[in-house]
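Heads up, entry-v2.tsv below (TSV, C-alpha atoms):
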```
chain	number	residue	atom	x	y	z
A	1228	MET	CA	161.06	116.56	71.76
A	1229	ASN	CA	159.25	115.99	68.55
A	1230	LEU	CA	155.57	115.66	67.99
A	1231	ASN	CA	155.81	111.88	67.83
A	1232	GLN	CA	157.33	111.64	71.30
A	1233	ILE	CA	154.72	113.95	72.80
A	1234	LEU	CA	151.98	111.88	71.27
A	1235	THR	CA	153.42	108.64	72.69
A	1236	ILE	CA	153.63	110.15	76.16
A	1237	LYS	CA	150.06	111.36	75.92
A	1238	ILE	CA	148.86	107.98	74.78
A	1239	ASN	CA	150.83	106.30	77.58
A	1240	ASN	CA	149.26	108.64	80.09
A	1241	LYS	CA	145.83	107.89	78.78
A	1242	MET	CA	146.54	104.17	78.86
A	1243	SER	CA	147.56	104.23	82.51
A	1244	LYS	CA	144.55	106.34	83.40
A	1245	LEU	CA	142.34	103.88	81.59
A	1246	LYS	CA	144.02	101.04	83.42
A	1247	SER	CA	143.44	102.49	86.86
A	1248	THR	CA	139.85	103.39	86.03
A	1249	LEU	CA	139.34	99.84	84.87
A	1250	GLY	CA	140.93	98.62	88.09
A	1251	ILE	CA	138.65	100.76	90.20
A	1252	VAL	CA	135.59	99.57	88.35
A	1253	ALA	CA	136.71	95.96	88.68
A	1254	ILE	CA	137.30	96.25	92.43
A	1255	ALA	CA	134.06	98.08	92.94
A	1256	PHE	CA	132.30	95.35	91.00
A	1257	ILE	CA	133.93	92.57	92.99
A	1258	THR	CA	133.15	94.21	96.34
A	1259	LEU	CA	129.60	94.86	95.27
A	1260	THR	CA	129.08	91.25	94.26
A	1261	THR	CA	130.57	89.90	97.48
A	1262	VAL	CA	128.51	92.30	99.54
A	1263	SER	CA	125.31	91.41	97.78
A	1264	CYS	CA	126.16	87.70	98.13
A	1265	LYS	CA	126.48	88.20	101.84
A	1266	ASP	CA	123.13	89.93	101.99
A	1267	GLY	CA	121.56	87.08	100.09
A	1268	LYS	CA	122.88	84.57	102.60
A	1269	LYS	CA	121.56	86.62	105.48
A	1270	GLU	CA	118.12	86.69	104.00
A	1271	GLN	CA	118.18	82.95	103.62
A	1272	ASN	CA	119.11	82.59	107.27
A	1273	THR	CA	116.16	84.60	108.46
A	1274	VAL	CA	113.87	82.64	106.23
A	1275	ASP	CA	115.26	79.45	107.76
A	1276	GLY	CA	114.56	80.85	111.20
A	1277	ASP	CA	110.89	80.92	110.40
A	1278	HIS	CA	110.55	77.16	110.34
A	1279	SER	CA	110.18	76.41	113.97
A	1280	GLU	CA	108.52	73.02	113.76
A	1281	MET	CA	111.48	71.15	115.11
A	1282	SER	CA	112.18	69.53	118.46
A	1283	ALA	CA	112.87	71.85	121.35
A	1284	ASP	CA	116.50	70.75	121.67
A	1285	GLU	CA	117.33	71.31	118.07
A	1286	ASP	CA	115.66	74.66	118.30
A	1287	HIS	CA	117.84	75.57	121.25
A	1288	SER	CA	121.16	75.03	119.61
A	1289	LYS	CA	120.07	76.67	116.39
A	1290	MET	CA	118.71	79.75	118.05
A	1291	ASN	CA	121.81	80.10	120.20
A	1292	HIS	CA	123.89	80.01	117.13
A	1293	GLU	CA	121.84	82.64	115.43
A	1294	ASN	CA	122.02	84.78	118.49
A	1295	SER	CA	125.79	84.78	118.39
A	1296	ASP	CA	126.10	86.04	114.86
A	1297	GLY	CA	123.88	89.04	114.94
A	1298	HIS	CA	120.68	90.15	116.54
A	1299	SER	CA	118.40	92.61	114.91
A	1300	ASP	CA	115.26	93.95	116.42
A	1301	GLY	CA	113.27	91.97	113.88
A	1302	ASP	CA	114.67	88.63	115.00
A	1303	ARG	CA	113.92	89.53	118.55
A	1304	LYS	CA	110.27	90.28	117.94
A	1305	GLU	CA	109.81	87.23	115.80
A	1306	MET	CA	111.23	85.02	118.51
A	1307	ALA	CA	108.98	86.53	121.11
A	1308	MET	CA	105.90	85.64	119.12
A	1309	SER	CA	106.14	81.99	118.21
A	1310	GLY	CA	106.77	78.85	120.17
A	1311	ASP	CA	105.43	75.95	122.13
A	1312	GLY	CA	107.64	76.03	125.22
A	1313	ASP	CA	106.23	76.57	128.67
A	1314	SER	CA	106.99	78.80	131.60
A	1315	GLU	CA	108.54	75.95	133.60
A	1316	LEU	CA	111.38	75.77	131.10
A	1317	ILE	CA	111.93	79.50	131.49
A	1318	LEU	CA	112.04	79.11	135.25
A	1319	LYS	CA	114.52	76.26	134.98
A	1320	ASP	CA	116.82	78.34	132.79
A	1321	TYR	CA	116.38	81.35	135.05
A	1322	PHE	CA	117.42	79.34	138.12
A	1323	ASN	CA	120.44	77.95	136.30
A	1324	LEU	CA	121.43	81.49	135.41
A	1325	LYS	CA	120.91	82.57	139.02
A	1326	ASP	CA	123.18	79.75	140.20
A	1327	ALA	CA	125.88	80.79	137.74
A	1328	LEU	CA	125.78	84.32	139.15
A	1329	VAL	CA	125.88	82.95	142.69
A	1330	ALA	CA	129.02	81.06	141.65
A	1331	ASP	CA	130.56	84.23	140.08
A	1332	ASP	CA	130.75	82.32	136.80
A	1333	ASN	CA	130.68	84.93	134.04
A	1334	ALA	CA	131.17	82.52	131.13
A	1335	LYS	CA	128.45	80.15	132.26
A	1336	ALA	CA	126.06	83.03	132.89
A	1337	LYS	CA	126.69	84.20	129.33
A	1338	GLU	CA	125.82	80.79	127.99
A	1339	LEU	CA	122.71	80.54	130.13
A	1340	GLY	CA	121.65	84.05	129.15
A	1341	ALA	CA	121.60	82.86	125.55
A	1342	THR	CA	119.66	79.73	126.54
A	1343	LEU	CA	117.15	81.88	128.31
A	1344	VAL	CA	116.70	84.07	125.23
A	1345	THR	CA	115.55	80.94	123.43
A	1346	SER	CA	113.26	79.58	126.11
A	1347	LEU	CA	111.69	83.00	126.64
A	1348	GLY	CA	111.09	83.31	122.91
A	1349	ASN	CA	109.49	79.88	122.86
A	1350	LEU	CA	106.90	80.61	125.50
A	1351	ASP	CA	103.51	79.52	124.33
A	1352	ILE	CA	101.07	82.23	125.25
A	1353	LEU	CA	98.07	80.07	126.04
A	1354	SER	CA	94.70	80.97	124.65
A	1355	ASN	CA	93.01	80.59	128.03
A	1356	PHE	CA	94.65	83.79	129.24
A	1357	SER	CA	92.65	86.98	129.02
A	1358	ASP	CA	93.62	89.59	126.44
A	1359	THR	CA	95.24	91.84	129.03
A	1360	GLN	CA	97.20	88.90	130.38
A	1361	LYS	CA	98.31	87.98	126.89
A	1362	SER	CA	99.52	91.44	126.08
A	1363	GLU	CA	101.23	91.74	129.44
A	1364	LEU	CA	102.97	88.43	128.91
A	1365	LYS	CA	104.18	89.55	125.49
A	1366	ASP	CA	105.45	92.73	127.04
A	1367	ILE	CA	107.21	90.86	129.84
A	1368	ILE	CA	108.82	88.45	127.39
A	1369	GLU	CA	110.00	91.22	125.11
A	1370	ASP	CA	111.62	93.01	128.01
A	1371	ALA	CA	113.10	89.84	129.50
A	1372	VAL	CA	114.55	88.74	126.15
A	1373	GLU	CA	116.43	91.99	125.92
A	1374	HIS	CA	117.92	91.60	129.39
A	1375	ALA	CA	118.81	87.97	128.72
A	1376	GLU	CA	120.53	89.06	125.51
A	1377	HIS	CA	122.61	91.57	127.40
A	1378	ILE	CA	123.49	88.93	129.97
A	1379	SER	CA	124.71	86.69	127.15
A	1380	GLU	CA	127.32	89.24	126.12
A	1381	SER	CA	128.40	91.20	129.20
A	1382	ASP	CA	130.84	91.15	132.07
A	1383	ILE	CA	129.53	89.94	135.41
A	1384	ASP	CA	128.69	93.37	136.86
A	1385	HIS	CA	126.49	94.10	133.88
A	1386	GLN	CA	124.98	90.65	134.04
A	1387	ARG	CA	123.92	91.33	137.61
A	1388	GLU	CA	122.41	94.69	136.70
A	1389	HIS	CA	120.29	93.08	134.02
A	1390	PHE	CA	119.50	90.12	136.24
A	1391	LYS	CA	117.73	92.48	138.60
A	1392	ILE	CA	115.17	93.56	135.98
A	1393	LEU	CA	115.03	90.08	134.52
A	1394	SER	CA	114.04	88.84	137.99
A	1395	LYS	CA	111.21	91.33	138.12
A	1396	ASP	CA	110.06	90.25	134.66
A	1397	VAL	CA	110.13	86.56	135.60
A	1398	THR	CA	108.30	87.27	138.86
A	1399	ASP	CA	105.59	89.12	136.94
A	1400	MET	CA	105.43	86.25	134.47
A	1401	VAL	CA	104.88	83.73	137.29
A	1402	ALA	CA	102.05	85.92	138.61
A	1403	ILE	CA	100.25	85.14	135.35
A	1404	THR	CA	101.45	81.67	134.42
A	1405	GLY	CA	101.82	80.26	137.92
A	1406	SER	CA	104.45	77.64	138.69
A	1407	GLU	CA	104.44	73.95	139.57
A	1408	SER	CA	106.69	74.28	142.59
A	1409	THR	CA	106.81	76.73	145.46
A	1410	LEU	CA	109.10	79.67	144.77
A	1411	TYR	CA	110.73	82.06	147.20
A	1412	GLN	CA	111.14	85.70	146.43
A	1413	GLN	CA	114.29	86.85	148.19
A	1414	PHE	CA	115.54	90.33	148.77
A	1415	CYS	CA	118.92	91.92	149.36
A	1416	PRO	CA	118.61	95.50	150.65
A	1417	MET	CA	122.22	96.35	149.84
A	1418	TYR	CA	122.46	95.81	146.10
A	1419	ASP	CA	121.39	98.83	144.01
A	1420	GLY	CA	118.96	100.25	146.57
A	1421	GLY	CA	117.40	96.86	147.21
A	1422	SER	CA	117.02	94.01	144.74
A	1423	ALA	CA	114.92	90.89	144.62
A	1424	TRP	CA	115.31	87.50	142.95
A	1425	LEU	CA	113.55	84.16	142.85
A	1426	SER	CA	114.79	80.88	144.27
A	1427	MET	CA	113.59	77.30	144.57
A	1428	SER	CA	114.81	77.01	148.14
A	1429	LYS	CA	114.52	79.09	151.30
A	1430	ASP	CA	118.30	79.26	151.74
A	1431	ILE	CA	119.83	82.58	150.82
A	1432	LYS	CA	122.50	82.47	148.14
A	1433	ASN	CA	122.93	85.95	146.80
A	1434	PRO	CA	123.29	86.18	143.00
A	1435	TYR	CA	124.13	89.90	143.10
A	1436	TYR	CA	127.24	89.55	145.25
A	1437	GLY	CA	128.22	85.90	144.86
A	1438	SER	CA	131.10	84.86	147.09
A	1439	LYS	CA	131.62	88.47	148.24
A	1440	MET	CA	128.47	88.40	150.34
A	1441	LEU	CA	126.76	85.12	149.72
A	1442	ASP	CA	124.28	85.30	152.56
A	1443	CYS	CA	123.05	88.87	152.22
A	1444	GLY	CA	119.28	88.82	152.00
A	1445	ARG	CA	116.11	87.32	153.34
A	1446	VAL	CA	112.97	85.59	152.11
A	1447	GLN	CA	110.48	88.28	151.28
A	1448	ASN	CA	107.62	86.32	149.86
A	1449	GLU	CA	106.51	82.77	149.24
A	1450	ILE	CA	104.87	82.17	145.89
A	1451	ASN	CA	102.26	79.34	145.63
B	1392	MET	CA	160.33	101.22	95.76
B	1393	LYS	CA	158.23	99.67	93.06
B	1394	ILE	CA	156.46	97.46	95.58
B	1395	ILE	CA	155.59	100.43	97.75
B	1396	LYS	CA	154.17	102.17	94.72
B	1397	ILE	CA	152.09	99.15	93.83
B	1398	ILE	CA	150.80	98.78	97.36
B	1399	ALA	CA	149.95	102.47	97.49
B	1400	LEU	CA	148.14	102.19	94.20
B	1401	VAL	CA	146.20	99.13	95.33
B	1402	LEU	CA	145.19	100.90	98.52
B	1403	LEU	CA	144.15	103.96	96.60
B	1404	VAL	CA	142.13	101.91	94.15
B	1405	ALA	CA	140.49	100.02	96.99
B	1406	PHE	CA	139.71	103.28	98.78
B	1407	VAL	CA	138.11	104.73	95.68
B	1408	GLY	CA	136.39	101.41	94.98
B	1409	ILE	CA	134.65	101.21	98.33
B	1410	GLN	CA	133.16	104.64	97.79
B	1411	PHE	CA	130.86	103.02	95.25
B	1412	ILE	CA	129.24	100.80	97.84
B	1413	PRO	CA	125.97	102.37	98.85
B	1414	THR	CA	125.20	103.06	102.49
B	1415	THR	CA	121.82	103.83	103.90
B	1416	ARG	CA	121.63	107.30	105.33
B	1417	ASN	CA	119.80	107.71	108.61
B	1418	GLN	CA	117.85	110.86	107.88
B	1419	SER	CA	114.27	111.96	108.29
B	1420	ASP	CA	112.49	115.33	108.11
B	1421	THR	CA	109.66	114.48	110.41
B	1422	VAL	CA	109.70	113.92	114.13
B	1423	PRO	CA	107.03	111.35	115.00
B	1424	SER	CA	104.52	112.11	117.74
B	1425	THR	CA	106.06	109.33	119.81
B	1426	ASP	CA	109.30	111.27	120.25
B	1427	PHE	CA	110.78	111.42	123.74
B	1428	MET	CA	110.82	115.22	123.75
B	1429	LEU	CA	107.21	115.51	122.61
B	1430	VAL	CA	105.66	113.19	125.16
B	1431	ASN	CA	107.77	114.19	128.13
B	1432	ASN	CA	108.17	117.61	129.61
B	1433	VAL	CA	111.93	117.88	129.12
B	1434	PRO	CA	113.76	121.05	130.27
B	1435	GLU	CA	115.47	122.84	127.43
B	1436	THR	CA	119.06	122.33	128.59
B	1437	ILE	CA	118.46	118.61	128.91
B	1438	GLN	CA	116.74	118.48	125.52
B	1439	LYS	CA	119.78	120.06	123.93
B	1440	LYS	CA	122.21	117.76	125.70
B	1441	LEU	CA	120.31	114.61	124.73
B	1442	GLN	CA	119.98	115.77	121.16
B	1443	ILE	CA	123.69	116.51	120.80
B	1444	SER	CA	124.92	113.49	122.74
B	1445	CYS	CA	122.41	110.76	121.93
B	1446	TYR	CA	120.19	111.49	118.97
B	1447	ASP	CA	122.81	110.88	116.28
B	1448	CYS	CA	122.67	107.14	116.95
B	1449	HIS	CA	119.43	106.80	118.88
B	1450	SER	CA	116.93	108.50	116.57
B	1451	ASN	CA	115.84	108.47	112.94
B	1452	ASN	CA	117.89	111.52	112.12
B	1453	THR	CA	121.68	111.77	112.21
B	1454	GLN	CA	123.60	115.01	111.77
B	1455	TYR	CA	126.27	113.84	109.36
B	1456	PRO	CA	129.60	115.62	109.40
B	1457	TRP	CA	131.46	115.53	106.05
B	1458	TYR	CA	133.90	112.76	107.00
B	1459	ASN	CA	131.05	110.42	107.69
B	1460	LYS	CA	130.01	110.53	104.07
B	1461	ILE	CA	133.29	108.86	103.13
B	1462	GLN	CA	134.02	105.15	103.44
B	1463	PRO	CA	135.02	103.37	105.60
B	1464	ALA	CA	133.89	105.93	108.22
B	1465	ALA	CA	130.36	105.81	106.85
B	1466	TRP	CA	130.24	102.04	107.40
B	1467	ILE	CA	131.38	102.25	110.98
B	1468	LEU	CA	128.80	104.92	111.64
B	1469	GLU	CA	126.06	103.01	109.85
B	1470	ASP	CA	126.76	100.01	112.04
B	1471	HIS	CA	126.70	102.05	115.23
B	1472	ILE	CA	123.43	103.71	114.24
B	1473	LYS	CA	121.81	100.39	113.45
B	1474	GLU	CA	122.85	98.94	116.76
B	1475	GLY	CA	121.99	102.11	118.63
B	1476	LYS	CA	118.50	102.33	117.21
B	1477	ALA	CA	117.79	98.67	117.88
B	1478	GLU	CA	118.69	99.28	121.51
B	1479	LEU	CA	116.85	102.56	121.93
B	1480	ASN	CA	115.14	104.95	119.52
B	1481	PHE	CA	114.13	108.22	121.16
B	1482	ASN	CA	111.82	108.96	118.23
B	1483	GLU	CA	109.72	105.90	119.04
B	1484	TRP	CA	109.74	106.38	122.77
B	1485	ASP	CA	106.02	106.45	123.38
B	1486	SER	CA	105.41	103.20	121.52
B	1487	LEU	CA	107.12	101.37	124.39
B	1488	SER	CA	105.14	99.93	127.30
B	1489	SER	CA	105.84	101.39	130.73
B	1490	ARG	CA	107.76	98.23	131.63
B	1491	ARG	CA	110.05	98.75	128.67
B	1492	LYS	CA	110.34	102.48	129.32
B	1493	SER	CA	111.40	101.80	132.86
B	1494	SER	CA	114.01	99.30	131.62
B	1495	LYS	CA	115.35	101.78	129.09
B	1496	LEU	CA	115.50	104.69	131.54
B	1497	ARG	CA	117.38	102.51	133.97
B	1498	SER	CA	119.88	101.59	131.27
B	1499	ILE	CA	120.28	105.25	130.28
B	1500	ILE	CA	121.12	106.16	133.86
B	1501	LYS	CA	123.59	103.30	134.23
B	1502	GLN	CA	125.30	104.02	130.94
B	1503	ILE	CA	125.77	107.72	131.63
B	1504	GLU	CA	126.89	107.01	135.19
B	1505	SER	CA	129.52	104.54	134.07
B	1506	GLY	CA	130.58	106.72	131.14
B	1507	GLU	CA	129.88	103.93	128.68
B	1508	MET	CA	127.68	106.21	126.64
B	1509	PRO	CA	128.27	108.23	124.58
B	1510	LEU	CA	130.92	105.93	123.07
B	1511	ASP	CA	134.53	107.06	123.32
B	1512	SER	CA	134.96	106.66	119.59
B	1513	TYR	CA	132.13	109.14	119.16
B	1514	THR	CA	133.18	111.77	121.70
B	1515	LEU	CA	136.71	111.64	120.31
B	1516	ILE	CA	135.51	113.82	117.46
B	1517	HIS	CA	132.19	115.08	118.83
B	1518	THR	CA	133.75	116.63	121.90
B	1519	ASP	CA	130.53	118.51	122.63
B	1520	ALA	CA	128.73	115.19	123.13
B	1521	LYS	CA	130.73	114.47	126.29
B	1522	PHE	CA	128.93	114.84	129.60
B	1523	SER	CA	130.50	117.16	132.14
B	1524	GLU	CA	129.96	116.16	135.74
B	1525	THR	CA	127.16	118.69	136.24
B	1526	GLU	CA	125.52	117.78	132.95
B	1527	ALA	CA	125.57	114.11	133.87
B	1528	GLU	CA	124.06	114.90	137.24
B	1529	GLU	CA	121.32	117.05	135.70
B	1530	VAL	CA	120.37	114.48	133.11
B	1531	ILE	CA	120.48	111.58	135.56
B	1532	ASN	CA	118.30	113.47	138.03
B	1533	PHE	CA	115.77	114.19	135.34
B	1534	ILE	CA	115.72	110.62	134.03
B	1535	THR	CA	115.39	109.26	137.55
B	1536	GLN	CA	112.39	111.50	138.16
B	1537	LEU	CA	110.85	110.39	134.93
B	1538	LYS	CA	111.38	106.75	135.83
B	1539	ASP	CA	109.80	107.21	139.25
B	1540	SER	CA	106.78	108.90	137.69
B	1541	LEU	CA	106.02	105.96	135.38
```

Just give me the structure of the file as structure tokens.
Amino acid sequence: MNLNQILTIKINNKMSKLKSTLGIVAIAFITLTTVSCKDGKKEQNTVDGDHSEMSADEDHSKMNHENSDGHSDGDRKEMAMSGDGDSELILKDYFNLKDALVADDNAKAKELGATLVTSLGNLDILSNFSDTQKSELKDIIEDAVEHAEHISESDIDHQREHFKILSKDVTDMVAITGSESTLYQQFCPMYDGGSAWLSMSKDIKNPYYGSKMLDCGRVQNEIN
Amino acid sequence: MKIIKIIALVLLVAFVGIQFIPTTRNQSDTVPSTDFMLVNNVPETIQKKLQISCYDCHSNNTQYPWYNKIQPAAWILEDHIKEGKAELNFNEWDSLSSRRKSSKLRSIIKQIESGEMPLDSYTLIHTDAKFSETEAEEVINFITQLKDSL
């Protein structure tokens, strides 16, 4: 091997090294740009979420959509703060969710969990409540939103677990907001050491067991 | 043969390339006064267990093993930590209302009971994070007491 050959090999080696370094840099650059593009889009989305001066229906579908593609703690808090919905809408969505659980319908309960996240977040905390009531309502909503979120993404056993606490939250909410119609607090002593739920009618239809034990329970309390 | 070489090279380049993408490290020197251990009277064995099994993803401070500094493992971990902290952050325990505490304690009990937490993907490597039957019982008893005392 003469000097010339050695030199060519060395140069070739250097060239290929240079090439792969260039390649690495290029790929790193491309990934970085795509990643930062994604971040930019995300930011825009959250900014969009701030404008909540649209009709309730539009709001619903939009929020549901946002819920499906990511939920950070920040979104959650923001949703719990603003809104012009009322507690009757929350009750309506709660009862629909209850009926889905009574019917053992996991998919529908998921959907309604997401709907409830929106209506809870839209609750208008009226200024005629006292400060303690206001802060308790905020607390209730924050807790309930989290359970509704879990319901929107879980299997039916989990949905029922969260529905138990959600029911307590909604009951506590009604104690502050009141309700237009008479509600019945019902109680099943068998599920999880005893669990309550709310219903519009006196008839027992158990959301914790569904078809397995539809009539387990009794009316515990009449509200209003 | 050539194709395999090219594919291998592309993979290698991609692997090296993704190392350049920054990840946020979940690390903090201070333990805030709202920490679960500081505001509750937690027995030492249970403290240790919770710290080993839960605090990596449910607090502001993760003990990073070496392989979690390398992509894509670091990404997966970062994601888990973000989700974990949004769900429950032991460091910020006392900033929760008693309603929320009660909700969280209930979830902790359920998740340990059902074996959902710690995640299988986590205990696969962190074998010491697994709960033995007696450990699970001890922790659940303690958490139940705490919940009843709220």

Using all atoms listed in the file, which residues of range 1404-1522 of chain B come within 10 Å of range 1366-1390 of chain A, and what is the closest atom pair for each, with the distance in Å to one decimal? Give it as CSV, sorted by chain and residue number.
```
residue,atom,partner,partner_atom,distance
B:Glu1478,CA,A:Glu1373,CA,8.8
B:Leu1487,CA,A:Asp1366,CA,9.2
B:Ser1488,CA,A:Asp1366,CA,7.2
B:Ser1489,CA,A:Asp1366,CA,9.4
B:Arg1490,CA,A:Asp1370,CA,7.4
B:Arg1491,CA,A:Asp1370,CA,6.0
B:Lys1492,CA,A:Asp1370,CA,9.6
B:Ser1494,CA,A:Asp1370,CA,7.6
B:Lys1495,CA,A:Asp1370,CA,9.6
B:Arg1497,CA,A:Glu1388,CA,9.7
B:Ser1498,CA,A:His1389,CA,9.0
B:Lys1501,CA,A:Glu1388,CA,9.0
```

Restricting the calculation to all atoms listed in the file: of B:Pro1413, B:Glu1469, B:Asn1459, B:Gln1536, which residue gets closest to chain A?
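Of all the options, B:Pro1413 lies closest to chain A.
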
Minimum-distance residue to chain B, chosen among A:Thr1404, A:Ile1392, A:Gly1437, A:Gln1447 (using all atoms listed in the file):
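The answer is A:Ile1392, which sits nearest to chain B.
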
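Using only C-alpha atoms, the residues found no farther than 9 Å from range 1433-1444 of chain B, other than those of its own chain fewer than 2 positions away, are B:Phe1427, B:Met1428, B:Leu1429, B:Val1430, B:Asn1431, B:Tyr1446, B:Asp1447, B:Cys1448, B:Met1508, B:Pro1509, B:Thr1514, B:His1517, B:Asp1519, B:Ala1520, B:Lys1521, B:Phe1522, B:Glu1526, B:Glu1529, B:Val1530, B:Phe1533.
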
Closest pair table for range 1434-1497 of chain B residues within 9 Å of range 1403-1410 of chain B, only C-alpha atoms, as a tab-separated table:
```
residue	atom	partner	partner_atom	distance
B:Ile1461	CA	B:Gln1410	CA	6.8
B:Gln1462	CA	B:Gln1410	CA	5.7
B:Pro1463	CA	B:Ile1409	CA	7.6
```

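Nearest to chain A of all the residues B:Leu1515, B:Leu1479, B:Ile1398, B:Cys1445 is B:Leu1479, counting only C-alpha atoms.
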
Have a look at CA of Ile1352 in chain A and CA of Gln1412 in chain A and let me know their distance in Å, one decimal.
23.7 Å

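Here CA of Leu1537 in chain B stands at a distance of 11.2 Å from CA of Ile1500 in chain B.
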
Can you tell me how far CA of Phe1414 in chain A sits from CA of Lys1319 in chain A, in Å to one decimal?
19.7 Å

Residue with the minimum atom-to-atom distance to chain A, picked from B:Asp1426, B:Glu1483, B:Glu1474, B:Asp1420 with all atoms listed in the file counted, is B:Glu1474

Could you tell me, as an mmCIF file with C-alpha atoms, keeping the file's coordinate frame, which residues have any atom at most 9 Å from (113.4, 86.9, 145.3), counting all atoms listed in the file?
```cif
data_model
loop_
_atom_site.group_PDB
_atom_site.id
_atom_site.type_symbol
_atom_site.label_atom_id
_atom_site.label_comp_id
_atom_site.auth_asym_id
_atom_site.auth_seq_id
_atom_site.Cartn_x
_atom_site.Cartn_y
_atom_site.Cartn_z
ATOM 1 C CA SER A 1394 114.040 88.840 137.990
ATOM 2 C CA LYS A 1395 111.210 91.330 138.120
ATOM 3 C CA THR A 1398 108.300 87.270 138.860
ATOM 4 C CA LEU A 1410 109.100 79.670 144.770
ATOM 5 C CA TYR A 1411 110.730 82.060 147.200
ATOM 6 C CA GLN A 1412 111.140 85.700 146.430
ATOM 7 C CA GLN A 1413 114.290 86.850 148.190
ATOM 8 C CA PHE A 1414 115.540 90.330 148.770
ATOM 9 C CA CYS A 1415 118.920 91.920 149.360
ATOM 10 C CA SER A 1422 117.020 94.010 144.740
ATOM 11 C CA ALA A 1423 114.920 90.890 144.620
ATOM 12 C CA TRP A 1424 115.310 87.500 142.950
ATOM 13 C CA LEU A 1425 113.550 84.160 142.850
ATOM 14 C CA SER A 1426 114.790 80.880 144.270
ATOM 15 C CA ARG A 1445 116.110 87.320 153.340
ATOM 16 C CA VAL A 1446 112.970 85.590 152.110
ATOM 17 C CA GLN A 1447 110.480 88.280 151.280
ATOM 18 C CA ASN A 1448 107.620 86.320 149.860
ATOM 19 C CA GLU A 1449 106.510 82.770 149.240
#
```

Neighbours of Asn1482 in chain B within 8 Å (all atoms listed in the file; same-chain residues fewer than 2 positions away dropped), as a ChimeraX atom specification?
/B:1422-1427,1449-1451,1480,1484

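Distance annotation: of A:Leu1441, A:Leu1393, A:Ile1431, A:Ile1403, the residue with the minimal separation from chain B is A:Leu1393; atom set is only C-alpha atoms.
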